[in-house]
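Undergrad: Contents of structure23.cif (mmCIF, C-alpha atoms):
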```cif
data_data
#
loop_
_atom_site.label_atom_id
_atom_site.label_comp_id
_atom_site.auth_asym_id
_atom_site.auth_seq_id
_atom_site.Cartn_x
_atom_site.Cartn_y
_atom_site.Cartn_z
CA MET U 214 -22.54 -43.69 92.00
CA VAL U 215 -21.73 -42.45 88.56
CA CYS U 216 -23.49 -39.75 86.67
CA PRO U 217 -23.75 -40.53 82.99
CA ASN U 218 -22.90 -36.97 82.04
CA THR U 219 -19.97 -36.28 84.22
CA LYS U 220 -18.45 -39.63 85.14
CA LYS U 221 -17.89 -38.22 88.57
CA LYS U 222 -18.54 -40.33 91.56
CA TYR U 223 -20.93 -39.36 94.27
CA ILE U 224 -21.88 -41.25 97.33
CA LEU U 225 -25.39 -40.80 98.53
CA PRO U 226 -25.42 -40.39 102.26
CA THR U 227 -27.94 -41.72 104.69
CA THR U 228 -28.88 -39.91 107.83
CA HIS U 229 -26.15 -41.69 109.63
CA LEU U 230 -23.50 -41.04 107.10
CA PRO U 231 -22.91 -37.33 107.13
CA THR U 232 -20.92 -37.57 103.98
CA GLN U 233 -20.06 -34.37 102.31
CA ILE U 234 -20.70 -34.84 98.67
CA LEU U 235 -20.67 -31.54 96.95
CA ALA U 236 -19.91 -29.17 99.72
CA ASP U 237 -21.71 -26.00 98.99
CA GLU U 238 -20.86 -23.81 101.93
CA LYS U 239 -23.08 -21.03 100.81
CA ARG U 240 -26.11 -23.23 101.06
CA THR U 241 -24.98 -25.04 104.15
CA ALA U 242 -25.72 -21.92 106.12
CA ILE U 243 -29.26 -21.48 104.95
CA ILE U 244 -31.26 -24.53 105.92
CA LYS U 245 -32.69 -22.98 108.98
CA LYS U 246 -35.94 -21.42 107.90
CA ILE U 247 -39.30 -22.79 106.98
CA ILE U 248 -40.11 -23.95 103.52
CA GLN U 249 -42.47 -21.59 101.83
CA GLN U 250 -45.32 -22.48 99.56
CA LYS U 251 -43.10 -22.69 96.53
CA SER U 252 -41.18 -25.36 98.29
CA PRO U 253 -39.25 -28.04 96.56
CA ILE U 254 -40.69 -31.47 96.68
CA PHE U 255 -39.16 -33.06 99.66
CA LEU U 256 -38.42 -36.49 100.92
CA PRO U 257 -37.64 -37.03 104.59
CA HIS U 258 -34.06 -36.05 104.39
CA PHE U 259 -33.79 -35.46 100.71
CA PHE U 260 -34.91 -32.22 99.23
CA PHE U 261 -35.53 -32.30 95.54
CA ARG U 262 -34.81 -29.24 93.60
CA ARG U 263 -34.96 -28.48 89.93
CA ASP U 264 -31.66 -29.95 89.03
CA ARG U 265 -30.25 -31.56 92.12
CA ILE U 266 -31.29 -32.91 95.40
CA LEU U 267 -30.21 -31.52 98.64
CA THR U 268 -29.61 -34.13 101.20
CA SER U 269 -29.36 -32.90 104.67
CA THR U 270 -28.24 -34.42 107.86
CA PRO U 271 -28.08 -32.69 111.18
CA SER U 272 -24.48 -31.81 110.49
CA SER U 273 -24.15 -31.39 106.79
CA VAL U 274 -25.88 -30.40 103.62
CA SER U 275 -24.94 -31.84 100.33
CA PHE U 276 -26.00 -31.61 96.78
CA VAL U 277 -26.30 -34.50 94.43
CA PRO U 278 -26.89 -33.98 90.74
CA ALA U 279 -30.38 -34.98 89.76
CA CYS U 280 -29.04 -37.50 87.30
CA THR U 281 -28.24 -39.69 90.24
CA ILE U 282 -31.88 -40.03 91.15
CA GLU U 283 -33.45 -40.66 87.81
CA LYS U 284 -33.99 -44.17 88.94
CA PHE U 285 -34.82 -44.41 92.54
CA PRO U 286 -31.87 -46.26 93.95
CA SER U 287 -32.66 -49.24 96.07
CA TYR U 288 -30.06 -48.39 98.66
CA LEU U 289 -31.69 -45.05 99.11
CA LEU U 290 -34.88 -46.82 99.97
CA SER U 291 -33.03 -49.16 102.21
CA SER U 292 -31.79 -46.22 104.17
CA PHE U 293 -35.31 -45.73 105.40
CA HIS U 294 -35.29 -48.97 107.28
CA ILE U 295 -31.70 -49.25 108.04
CA SER U 296 -30.41 -50.44 111.34
CA HIS U 297 -27.24 -49.55 113.13
CA ASN U 298 -25.28 -52.64 112.25
CA THR U 299 -26.27 -52.70 108.62
CA GLN U 300 -26.14 -49.06 107.89
CA MET U 301 -23.16 -49.36 105.60
CA SER U 302 -24.60 -52.29 103.76
CA TRP U 303 -25.26 -50.35 100.61
CA LEU U 304 -21.60 -49.55 100.50
CA PHE U 305 -20.02 -52.80 101.52
CA GLY U 306 -22.80 -55.12 100.48
CA SER U 307 -24.76 -57.19 102.89
CA SER U 308 -25.43 -60.83 103.25
CA SER U 309 -28.91 -61.85 102.27
CA THR U 310 -29.68 -63.29 105.67
CA GLU U 311 -29.23 -59.94 107.27
CA LYS U 312 -32.60 -58.40 107.87
CA PRO U 313 -33.17 -54.84 108.86
CA ALA U 314 -33.89 -54.49 112.54
CA SER U 315 -37.20 -52.86 111.85
CA THR U 316 -38.99 -52.46 108.59
CA GLN U 317 -41.21 -49.50 108.07
CA SER U 318 -44.09 -49.33 105.71
CA LEU U 319 -43.05 -46.92 103.04
CA GLY U 320 -46.45 -46.45 101.45
CA PHE U 321 -45.14 -47.85 98.21
CA ASP U 322 -43.46 -50.94 96.99
CA PRO U 323 -39.79 -50.29 96.33
CA SER U 324 -39.50 -53.04 93.75
CA GLN U 325 -42.28 -51.53 91.63
CA VAL U 326 -40.88 -48.05 91.57
CA ALA U 327 -39.37 -46.93 88.33
CA ASP U 328 -38.96 -43.26 88.86
CA VAL U 329 -38.91 -40.76 91.63
CA SER U 330 -41.76 -38.50 90.74
CA SER U 331 -44.30 -41.29 90.99
CA ILE U 332 -43.36 -41.67 94.63
CA ILE U 333 -43.09 -38.11 95.72
CA LEU U 334 -46.19 -36.98 93.95
CA ALA U 335 -48.35 -39.70 95.43
CA PRO U 336 -50.34 -38.11 98.26
CA GLY U 337 -49.61 -39.46 101.64
CA ALA U 338 -46.85 -41.64 100.36
CA LEU U 339 -44.26 -39.88 102.38
CA ASP U 340 -45.75 -39.49 105.75
CA SER U 341 -42.95 -38.71 108.11
CA SER U 342 -44.56 -40.80 110.84
CA LYS U 343 -44.16 -43.85 108.65
CA LEU U 344 -40.47 -43.41 108.41
CA HIS U 345 -37.85 -44.85 110.58
CA PRO U 346 -37.21 -43.10 113.89
CA LEU U 347 -33.53 -43.05 113.06
CA ALA U 348 -34.25 -40.47 110.41
CA GLY U 349 -34.69 -38.16 113.36
CA LEU U 350 -37.78 -36.55 112.00
CA ASP U 351 -39.45 -36.18 115.36
CA LYS U 352 -36.78 -33.65 116.18
CA GLY U 353 -37.96 -31.60 113.30
CA ILE U 354 -36.78 -31.35 109.77
CA GLU U 355 -34.24 -28.93 108.62
CA TYR U 356 -35.56 -26.82 105.85
CA LEU U 357 -34.15 -25.21 102.86
CA ASP U 358 -34.50 -21.49 102.75
CA LEU U 359 -35.59 -20.60 99.30
CA GLU U 360 -34.89 -16.92 99.60
CA ASP U 361 -31.36 -17.72 98.71
CA ASP U 362 -32.67 -19.29 95.58
CA GLN U 363 -33.84 -15.99 94.23
CA LEU U 364 -31.79 -15.14 91.23
CA THR U 365 -31.53 -11.45 91.79
CA ASP U 366 -32.08 -9.00 94.61
CA LEU U 367 -33.33 -6.39 92.23
CA GLU U 368 -36.98 -5.48 92.37
CA ASN U 369 -38.67 -6.83 89.22
CA GLY U 370 -35.23 -7.85 88.13
CA LEU U 371 -36.22 -11.12 86.53
CA SER U 372 -36.38 -11.20 82.81
CA ILE U 373 -37.39 -13.88 80.35
CA ILE U 374 -34.01 -15.42 80.67
CA ALA U 375 -33.31 -16.34 84.26
CA ALA U 376 -30.23 -14.21 84.63
CA ARG U 377 -28.19 -14.25 87.79
CA ASN U 378 -26.51 -10.90 87.40
CA TRP U 379 -25.90 -8.13 84.94
CA ARG U 380 -23.24 -10.13 83.17
CA ASP U 381 -25.74 -12.86 82.39
CA ASN U 382 -28.18 -10.28 81.11
CA LEU U 383 -25.49 -8.75 78.95
CA CYS U 384 -24.24 -12.02 77.54
CA TYR U 385 -27.64 -13.50 76.81
CA GLY U 386 -29.08 -10.29 75.41
CA THR U 387 -26.12 -9.59 73.20
CA GLY U 388 -25.80 -13.18 72.08
CA THR U 389 -29.46 -13.48 71.19
CA MET U 390 -29.53 -10.21 69.27
CA TYR U 391 -26.27 -10.99 67.52
CA LEU U 392 -27.45 -14.41 66.40
CA LEU U 393 -30.79 -13.00 65.33
CA GLY U 394 -29.10 -10.31 63.28
CA LEU U 395 -26.71 -12.83 61.81
CA GLY U 396 -29.57 -15.14 60.88
CA VAL U 397 -31.85 -12.49 59.43
CA GLY U 398 -29.01 -10.79 57.57
CA GLY U 399 -27.76 -14.13 56.33
CA ALA U 400 -31.19 -15.10 55.07
CA TYR U 401 -31.56 -11.76 53.31
CA GLY U 402 -28.09 -12.14 51.79
CA MET U 403 -28.90 -15.65 50.68
CA GLN U 404 -32.04 -14.52 48.95
CA GLU U 405 -30.10 -11.68 47.35
CA GLY U 406 -27.34 -14.04 46.25
CA LEU U 407 -29.79 -16.54 44.79
CA ALA U 408 -31.43 -13.74 42.84
CA SER U 409 -28.16 -12.59 41.33
CA LEU U 410 -26.63 -15.89 40.28
CA PRO U 411 -24.35 -15.46 37.27
CA ALA U 412 -26.05 -17.20 34.39
CA GLY U 413 -24.43 -20.28 32.96
CA SER U 414 -21.70 -20.48 35.56
CA SER U 415 -20.34 -23.54 37.33
CA GLY U 416 -21.76 -24.82 40.58
CA LYS U 417 -18.74 -23.70 42.53
CA LEU U 418 -19.10 -20.14 41.29
CA LYS U 419 -22.77 -20.15 42.17
CA LEU U 420 -22.03 -21.39 45.66
CA ASN U 421 -19.39 -18.71 46.05
CA THR U 422 -21.77 -16.00 44.92
CA VAL U 423 -24.37 -17.04 47.47
CA LEU U 424 -21.81 -17.38 50.24
CA ASN U 425 -20.36 -13.96 49.43
CA HIS U 426 -23.75 -12.36 49.67
CA ILE U 427 -24.51 -14.13 52.95
CA THR U 428 -21.22 -13.11 54.52
CA LYS U 429 -21.72 -9.57 53.32
CA ARG U 430 -25.17 -9.09 54.82
CA GLY U 431 -25.14 -11.43 57.81
CA PRO U 432 -22.20 -10.10 59.81
CA PHE U 433 -23.11 -6.48 59.05
CA LEU U 434 -26.59 -6.80 60.51
CA GLY U 435 -25.38 -9.12 63.26
CA ASN U 436 -22.66 -6.72 64.35
CA SER U 437 -25.02 -3.76 64.44
CA ALA U 438 -27.66 -5.67 66.37
CA GLY U 439 -25.06 -7.05 68.75
CA VAL U 440 -23.55 -3.64 69.45
CA LEU U 441 -27.00 -2.16 70.01
CA ALA U 442 -27.88 -4.92 72.46
CA LEU U 443 -24.54 -4.53 74.20
CA ILE U 444 -24.96 -0.79 74.70
CA TYR U 445 -28.59 -1.21 75.69
CA ASN U 446 -27.76 -3.80 78.32
CA ILE U 447 -24.93 -1.73 79.74
CA PHE U 448 -27.23 1.29 80.08
CA ASP U 449 -30.07 -0.81 81.41
CA SER U 450 -27.99 -2.47 84.10
CA THR U 451 -26.41 0.84 85.08
CA ILE U 452 -29.78 2.52 85.47
CA ASP U 453 -31.10 -0.50 87.38
CA HIS U 454 -28.14 -0.30 89.67
CA PHE U 455 -28.60 3.36 90.49
CA ARG U 456 -32.36 3.22 90.84
CA GLY U 457 -32.26 -0.04 92.74
CA LYS U 458 -35.20 -1.47 90.84
CA HIS U 459 -36.21 -2.39 87.35
CA ASP U 460 -39.27 -1.17 85.53
CA ASP U 461 -40.35 -0.21 82.06
CA PHE U 462 -39.06 3.35 82.39
CA ASN U 463 -35.56 2.03 82.88
CA SER U 464 -35.84 0.04 79.68
CA LEU U 465 -37.24 2.99 77.75
CA ALA U 466 -34.51 5.31 79.02
CA ALA U 467 -31.85 2.76 78.21
CA GLY U 468 -33.31 2.36 74.72
CA ALA U 469 -33.35 6.11 74.15
CA LEU U 470 -29.76 6.50 75.32
CA THR U 471 -28.66 3.60 73.15
CA GLY U 472 -30.32 5.02 70.08
CA ALA U 473 -28.81 8.43 70.72
CA LEU U 474 -25.33 7.04 71.20
CA PHE U 475 -25.54 4.70 68.24
CA ARG U 476 -26.11 7.44 65.69
CA SER U 477 -24.49 10.29 67.56
CA ALA U 478 -21.86 10.78 64.88
CA ALA U 479 -24.33 11.08 62.02
CA GLY U 480 -25.98 14.34 62.98
CA VAL U 481 -28.95 15.53 64.95
CA LYS U 482 -31.70 14.24 62.72
CA PRO U 483 -30.51 10.64 62.35
CA MET U 484 -29.82 10.67 66.05
CA ALA U 485 -33.41 11.66 66.79
CA TYR U 486 -34.71 8.98 64.47
CA SER U 487 -32.60 6.28 65.97
CA THR U 488 -33.50 7.42 69.49
CA ALA U 489 -37.17 7.15 68.63
CA ILE U 490 -36.74 3.74 67.02
CA MET U 491 -34.74 2.34 69.89
CA THR U 492 -37.17 3.68 72.49
CA ALA U 493 -39.99 2.03 70.59
CA GLY U 494 -37.93 -1.15 70.42
CA ALA U 495 -37.37 -1.08 74.17
CA GLY U 496 -41.10 -0.58 74.67
CA ALA U 497 -41.84 -3.53 72.44
CA TRP U 498 -39.38 -5.62 74.41
CA CYS U 499 -41.11 -4.68 77.68
CA ALA U 500 -44.46 -5.63 76.17
CA LEU U 501 -43.06 -8.94 75.00
CA LYS U 502 -41.68 -9.66 78.46
CA ARG U 503 -45.09 -9.02 80.00
CA PHE U 504 -46.79 -11.12 77.38
CA VAL U 505 -44.46 -14.03 78.06
CA ALA U 506 -44.76 -13.63 81.82
CA GLU U 507 -48.53 -13.99 81.70
CA MET K 252 -14.30 -31.85 92.89
CA SER K 253 -17.63 -30.20 92.52
CA ALA K 254 -19.58 -29.62 89.38
CA ASP K 255 -19.46 -26.15 87.96
CA HIS K 256 -22.71 -24.49 88.92
CA THR K 257 -21.67 -21.07 87.70
CA ARG K 258 -22.22 -21.98 84.09
CA ASP K 259 -25.57 -22.74 82.62
CA PRO K 260 -26.43 -26.12 81.12
CA CYS K 261 -25.46 -26.86 77.62
CA PRO K 262 -27.87 -25.76 74.94
CA VAL K 263 -28.54 -22.32 76.40
CA VAL K 264 -24.97 -21.59 77.32
CA ILE K 265 -24.20 -21.21 73.61
CA LEU K 266 -26.22 -17.99 73.53
CA SER K 267 -24.38 -16.69 76.53
CA ASP K 268 -21.04 -17.57 75.02
CA PHE K 269 -21.92 -15.87 71.76
CA GLY K 270 -22.82 -12.73 73.66
CA GLY K 271 -19.87 -12.91 76.02
CA ALA K 272 -17.35 -13.34 73.25
CA PHE K 273 -18.98 -10.63 71.19
CA SER K 274 -18.96 -8.18 74.08
CA MET K 275 -15.37 -9.02 74.86
CA GLY K 276 -14.44 -8.40 71.25
CA VAL K 277 -16.30 -5.10 71.06
CA ILE K 278 -14.87 -3.76 74.29
CA GLY K 279 -11.38 -4.96 73.47
CA GLY K 280 -11.76 -3.62 69.93
CA CYS K 281 -12.70 -0.21 71.34
CA PHE K 282 -9.39 -0.02 73.17
CA TRP K 283 -7.36 -1.50 70.34
CA HIS K 284 -8.78 0.56 67.50
CA GLY K 285 -9.14 3.62 69.69
CA ILE K 286 -5.41 3.67 70.28
CA LYS K 287 -4.61 2.62 66.73
CA GLY K 288 -6.87 5.26 65.22
CA PHE K 289 -5.44 7.87 67.53
CA ARG K 290 -1.87 7.08 66.57
CA ASN K 291 -2.57 6.87 62.86
CA SER K 292 -4.39 10.18 62.62
CA PRO K 293 -2.78 13.53 61.85
CA TYR K 294 -2.41 16.03 64.66
CA GLY K 295 -5.59 17.95 65.30
CA GLU K 296 -7.80 15.09 64.19
CA ARG K 297 -6.60 12.48 66.59
CA THR K 298 -9.72 12.27 68.75
CA TYR K 299 -11.94 12.21 65.70
CA GLY K 300 -9.75 9.57 64.06
CA SER K 301 -9.83 7.49 67.19
CA PHE K 302 -13.62 7.55 67.40
CA SER K 303 -14.19 6.87 63.74
CA ALA K 304 -11.80 3.93 63.92
CA ILE K 305 -13.75 2.58 66.87
CA ARG K 306 -17.02 3.04 65.05
CA ALA K 307 -15.80 1.32 61.95
CA ARG K 308 -13.72 -1.48 63.41
CA ALA K 309 -14.78 -2.41 66.94
CA PRO K 310 -18.01 -4.15 65.86
CA VAL K 311 -16.06 -6.17 63.33
CA VAL K 312 -13.63 -7.35 66.00
CA GLY K 313 -16.63 -8.16 68.16
CA GLY K 314 -18.20 -10.14 65.35
CA ASN K 315 -15.04 -12.14 64.77
CA PHE K 316 -14.71 -12.90 68.46
CA GLY K 317 -18.39 -13.70 68.75
CA VAL K 318 -18.41 -16.13 65.85
CA TRP K 319 -15.34 -17.87 67.18
CA GLY K 320 -16.62 -18.12 70.74
CA GLY K 321 -20.11 -19.15 69.71
CA LEU K 322 -18.91 -21.79 67.28
CA PHE K 323 -16.52 -23.09 69.88
CA SER K 324 -19.27 -23.30 72.45
CA THR K 325 -21.56 -25.04 69.98
CA PHE K 326 -18.96 -27.62 69.11
CA ASP K 327 -18.06 -28.00 72.78
CA CYS K 328 -21.66 -28.82 73.61
CA ALA K 329 -21.90 -31.19 70.68
CA VAL K 330 -18.72 -32.98 71.71
CA LYS K 331 -19.95 -33.21 75.29
CA GLY K 332 -23.20 -34.68 74.04
CA VAL K 333 -21.43 -37.28 71.96
CA ARG K 334 -18.69 -38.22 74.41
CA LYS K 335 -20.80 -37.91 77.58
CA ARG K 336 -17.88 -36.81 79.65
CA GLU K 337 -16.11 -33.61 80.57
CA ASP K 338 -12.41 -33.28 80.26
CA ALA K 339 -9.75 -31.30 78.44
CA TRP K 340 -10.24 -33.24 75.24
CA ASN K 341 -13.66 -31.67 74.74
CA ALA K 342 -12.11 -28.24 74.32
CA ILE K 343 -9.37 -29.55 72.08
CA ILE K 344 -11.78 -31.39 69.79
CA ALA K 345 -14.10 -28.39 69.76
CA GLY K 346 -11.14 -26.16 68.90
CA PHE K 347 -10.24 -28.48 66.04
CA PHE K 348 -13.71 -28.21 64.55
CA THR K 349 -13.95 -24.48 65.18
CA GLY K 350 -10.65 -23.74 63.47
CA GLY K 351 -11.56 -26.02 60.62
CA SER K 352 -15.02 -24.69 60.00
CA LEU K 353 -13.91 -21.06 60.13
CA ALA K 354 -11.26 -21.69 57.50
CA ILE K 355 -13.36 -23.96 55.33
CA ARG K 356 -13.61 -21.47 52.48
CA GLY K 357 -9.85 -21.27 52.11
CA GLY K 358 -9.42 -24.73 50.67
CA TRP K 359 -8.65 -28.15 52.08
CA LYS K 360 -5.06 -27.42 53.13
CA HIS K 361 -5.93 -24.20 54.86
CA THR K 362 -8.81 -25.88 56.67
CA ARG K 363 -6.60 -28.69 57.88
CA ASN K 364 -3.80 -26.42 59.06
CA SER K 365 -6.17 -24.07 60.77
CA ALA K 366 -7.98 -26.90 62.51
CA ILE K 367 -4.76 -28.42 63.78
CA SER K 368 -3.28 -25.14 64.97
CA CYS K 369 -6.51 -24.21 66.68
CA ALA K 370 -6.60 -27.57 68.45
CA CYS K 371 -2.99 -27.07 69.55
CA PHE K 372 -3.85 -23.60 70.82
CA LEU K 373 -6.75 -24.96 72.86
CA GLY K 374 -4.54 -27.78 74.08
CA ILE K 375 -2.02 -25.26 75.36
CA ILE K 376 -4.75 -23.25 77.05
CA GLU K 377 -6.18 -26.36 78.71
CA GLY K 378 -2.71 -27.46 79.78
CA VAL K 379 -1.88 -24.08 81.28
CA GLY K 380 -5.26 -24.04 83.00
CA MET K 381 -4.64 -27.43 84.55
CA MET K 382 -1.18 -26.39 85.69
CA LEU K 383 -2.55 -23.21 87.23
CA GLN K 384 -5.26 -25.19 88.96
CA ARG K 385 -2.67 -27.50 90.40
CA VAL K 386 -0.49 -24.63 91.58
CA MET K 387 -3.40 -22.65 93.01
CA ALA K 388 -4.90 -25.67 94.78
CA GLN K 389 -4.74 -25.40 98.50
CA PRO K 390 -1.66 -27.11 99.84
CA THR K 391 -2.48 -30.15 101.90
CA ILE K 392 -1.30 -29.97 105.42
CA GLY K 393 1.08 -32.80 105.97
CA PRO K 394 1.66 -34.58 109.24
CA ALA K 395 3.90 -32.76 111.61
CA PHE K 396 7.11 -34.67 111.95
CA PRO K 397 9.01 -34.29 115.15
CA GLU K 398 12.35 -32.76 114.69
CA GLU K 399 15.27 -35.05 114.68
CA PRO K 400 16.75 -35.24 118.13
CA MET K 401 20.13 -33.66 118.54
CA LYS K 402 22.93 -36.08 118.69
CA ALA K 403 24.95 -35.84 121.76
#
```
Is it possible to express this structure as structure tokens?
TA:
Amino acid sequence: MVCPNTKKKYILPTTHLPTQILADEKRTAIIKKIIQQKSPIFLPHFFFRRDRILTSTPSSVSFVPACTIEKFPSYLLSSFHISHNTQMSWLFGSSSTEKPASTQSLGFDPSQVADVSSIILAPGALDSSKLHPLAGLDKGIEYLDLEDDQLTDLENGLSIIAARNWRDNLCYGTGTMYLLGLGVGGAYGMQEGLASLPAGSSGKLKLNTVLNHITKRGPFLGNSAGVLALIYNIFDSTIDHFRGKHDDFNSLAAGALTGALFRSAAGVKPMAYSTAIMTAGAGAWCALKRFVAE
Amino acid sequence: MSADHTRDPCPVVILSDFGGAFSMGVIGGCFWHGIKGFRNSPYGERTYGSFSAIRARAPVVGGNFGVWGGLFSTFDCAVKGVRKREDAWNAIIAGFFTGGSLAIRGGWKHTRNSAISCACFLGIIEGVGMMLQRVMAQPTIGPAFPEEPMKA
């Protein structure tokens, strides 16, 4: 089937078609443990995750982009009451006289279903005993181990942005600060430019004046903010790495070091000021993170 | 061919690309202007010259890189949203718009030339990337043919 976004073709497997779709070897190894409380919503042999479903068969695990299940496909339903001789019918088409060998009550009417969540969220709708024995559920379901899903091994390592590693932290932090600086500086420059329009000049000259002011202020502030965020993130990740955990002291220390380095060439007094300001900034950032987390 | 799960989905990846390009520019600018400042300073002040060149110039290089990368990523996402497909043309179209919009203050001719050359540049990059991918792809194991029997 075709995803609207990617135009790539995926075949949805049934239990009897151990088709590798998106082979993800890393995750193939991890469906051995029990689902924890934060489990993904799961269908008999289809595990739904945030952005894709994991379909598992005794021999393979595959991922399908979630776009493929926005509408619950009829052949997917048909795989619940599929019989041996018609099991490829969704692929090759089946004659209308062909009836499934045994039809199971699904707990919902497939023709009425418009979207997946209405099925999976209905209590009792997916009782494994109601499903076809060929799904092999009496032998136990294979589960997805969500520990692998953790984004970072670091203690308290998760930030507002769900970063996977220090590079993500660096890129997102720097990018956000840079854009913020660019925007704030640009707005200030725009206001400054609008205030100092040459009187009685043409529209083009006025536009140029404003643009000149914006491009004078915006990049200056953006560059400074970006460099500060870059240095801060490098220090922060380094300290995290050596301490093996992340807490507010790491952030404060990273802020202090950043401030000291940033103004180290200007003398002792500016350096002290900038250290204090950056430490306070890091503290504010920690507070903001807590505030958002709650 | 599997989807690329190492990159984030579209609207947020712009932030990451801004930051990544900026960091790349700053770090590269440190090396570049460090060496340049060192070489262009008189003896005895070479270290100082190197550091002051870094301080003055590396953030600017970072800013230029960052704006380019971020704009490119923005246009890339926009093009993806409009075309609803992912191929090499996305990057080329995004490069066209990036080059054009960065040169828009230099006049119509400059904008046009810059857009076209930027699109060509991205086209070359995409082409080289595809070629590399083809070369690096694992060779398929062909059927083993029996050796031709010796003629008596």
Undergrad: Once you count only C-alpha atoms, which residues of chain K turn out to be within 7 Å of chain U? Could you give them as a PyMOL selection string?
TA: chain K and resi 253+266-271+274+310-311+314+335-337
Undergrad: So, with all atoms listed in the file as the atoms that count, which of K:Phe326, K:Arg356, K:Val312, K:Phe273 lies closest to Thr428 of chain U?
TA: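 Smallest distance to Thr428 of chain U is found for K:Arg356.
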Undergrad: Take the point (-30.9, 5.0, 65.7) as written in the file and pick out every residue within 9 Å of it, counting only C-alpha atoms; give the list as a JSON list (two decimals) with C-alpha atoms, keeping the file's coordinate frame.
TA:
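The resulting file, selection29.json, is shown below:
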```
[["chain", "number", "residue", "atom", "x", "y", "z"],
["U", 469, "ALA", "CA", -33.35, 6.11, 74.15],
["U", 471, "THR", "CA", -28.66, 3.60, 73.15],
["U", 472, "GLY", "CA", -30.32, 5.02, 70.08],
["U", 473, "ALA", "CA", -28.81, 8.43, 70.72],
["U", 474, "LEU", "CA", -25.33, 7.04, 71.20],
["U", 475, "PHE", "CA", -25.54, 4.70, 68.24],
["U", 476, "ARG", "CA", -26.11, 7.44, 65.69],
["U", 477, "SER", "CA", -24.49, 10.29, 67.56],
["U", 483, "PRO", "CA", -30.51, 10.64, 62.35],
["U", 484, "MET", "CA", -29.82, 10.67, 66.05],
["U", 485, "ALA", "CA", -33.41, 11.66, 66.79],
["U", 486, "TYR", "CA", -34.71, 8.98, 64.47],
["U", 487, "SER", "CA", -32.60, 6.28, 65.97],
["U", 488, "THR", "CA", -33.50, 7.42, 69.49],
["U", 489, "ALA", "CA", -37.17, 7.15, 68.63],
["U", 490, "ILE", "CA", -36.74, 3.74, 67.02],
["U", 491, "MET", "CA", -34.74, 2.34, 69.89]]
```
Undergrad: Taking the file as shown, what set of residues would the PyMOL selection byres ((chain K and resi 377-385) around 12) give back, as a ChimeraX atom specification?
TA: /K:252,338-344,346,370-376,386-391
Undergrad: Find the distance between atom CA of Gly317 of chain K and atom CA of Arg290 of chain K and write it in Å to one decimal.
TA: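 Between these atoms lies a distance of 26.6 Å.
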Undergrad: Point out the residue among K:Ala345, K:Ala307, K:Phe302, K:Trp283 with the least atom-to-atom distance to Lys331 of chain K, counting only C-alpha atoms.
TA: K:Ala345
Undergrad: Once the PyMOL selection byres ((chain K and resi 351) around 7) has been evaluated on this model, what residues remain selected, and can you format them as a list in words?
TA: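 Those residues are Phe347, Phe348, Thr349, Gly350, Ser352, Leu353, Ala354, Ile355, Thr362, Arg363, Ser365 and Ala366 of chain K.
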Undergrad: Would you mind reading off the distance between atom CA of Asp449 of chain U and atom CA of Ala466 of chain U, one decimal, in Å?
TA: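 Atom CA of Asp449 of chain U sits 7.9 Å away from atom CA of Ala466 of chain U.
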Undergrad: Do a neighbour search on segment 399-406 of chain U at 6 Å with all atoms listed in the file, toss out local chain neighbours closer than 4 positions, and write the hits as a PyMOL selection string.
TA: chain U and resi 395+423+426-427+430-431
Undergrad: Work out how far atom CA of Ala309 of chain K is from atom CA of Ile278 of chain K, in Å to one decimal.
TA: 7.5 Å
Undergrad: Just say which residues the PyMOL selection byres ((chain K and resi 287) around 12) picks in this file, as a PyMOL selection string.
TA: chain K and resi 280-286+288-292+297-298+300-305+308-309
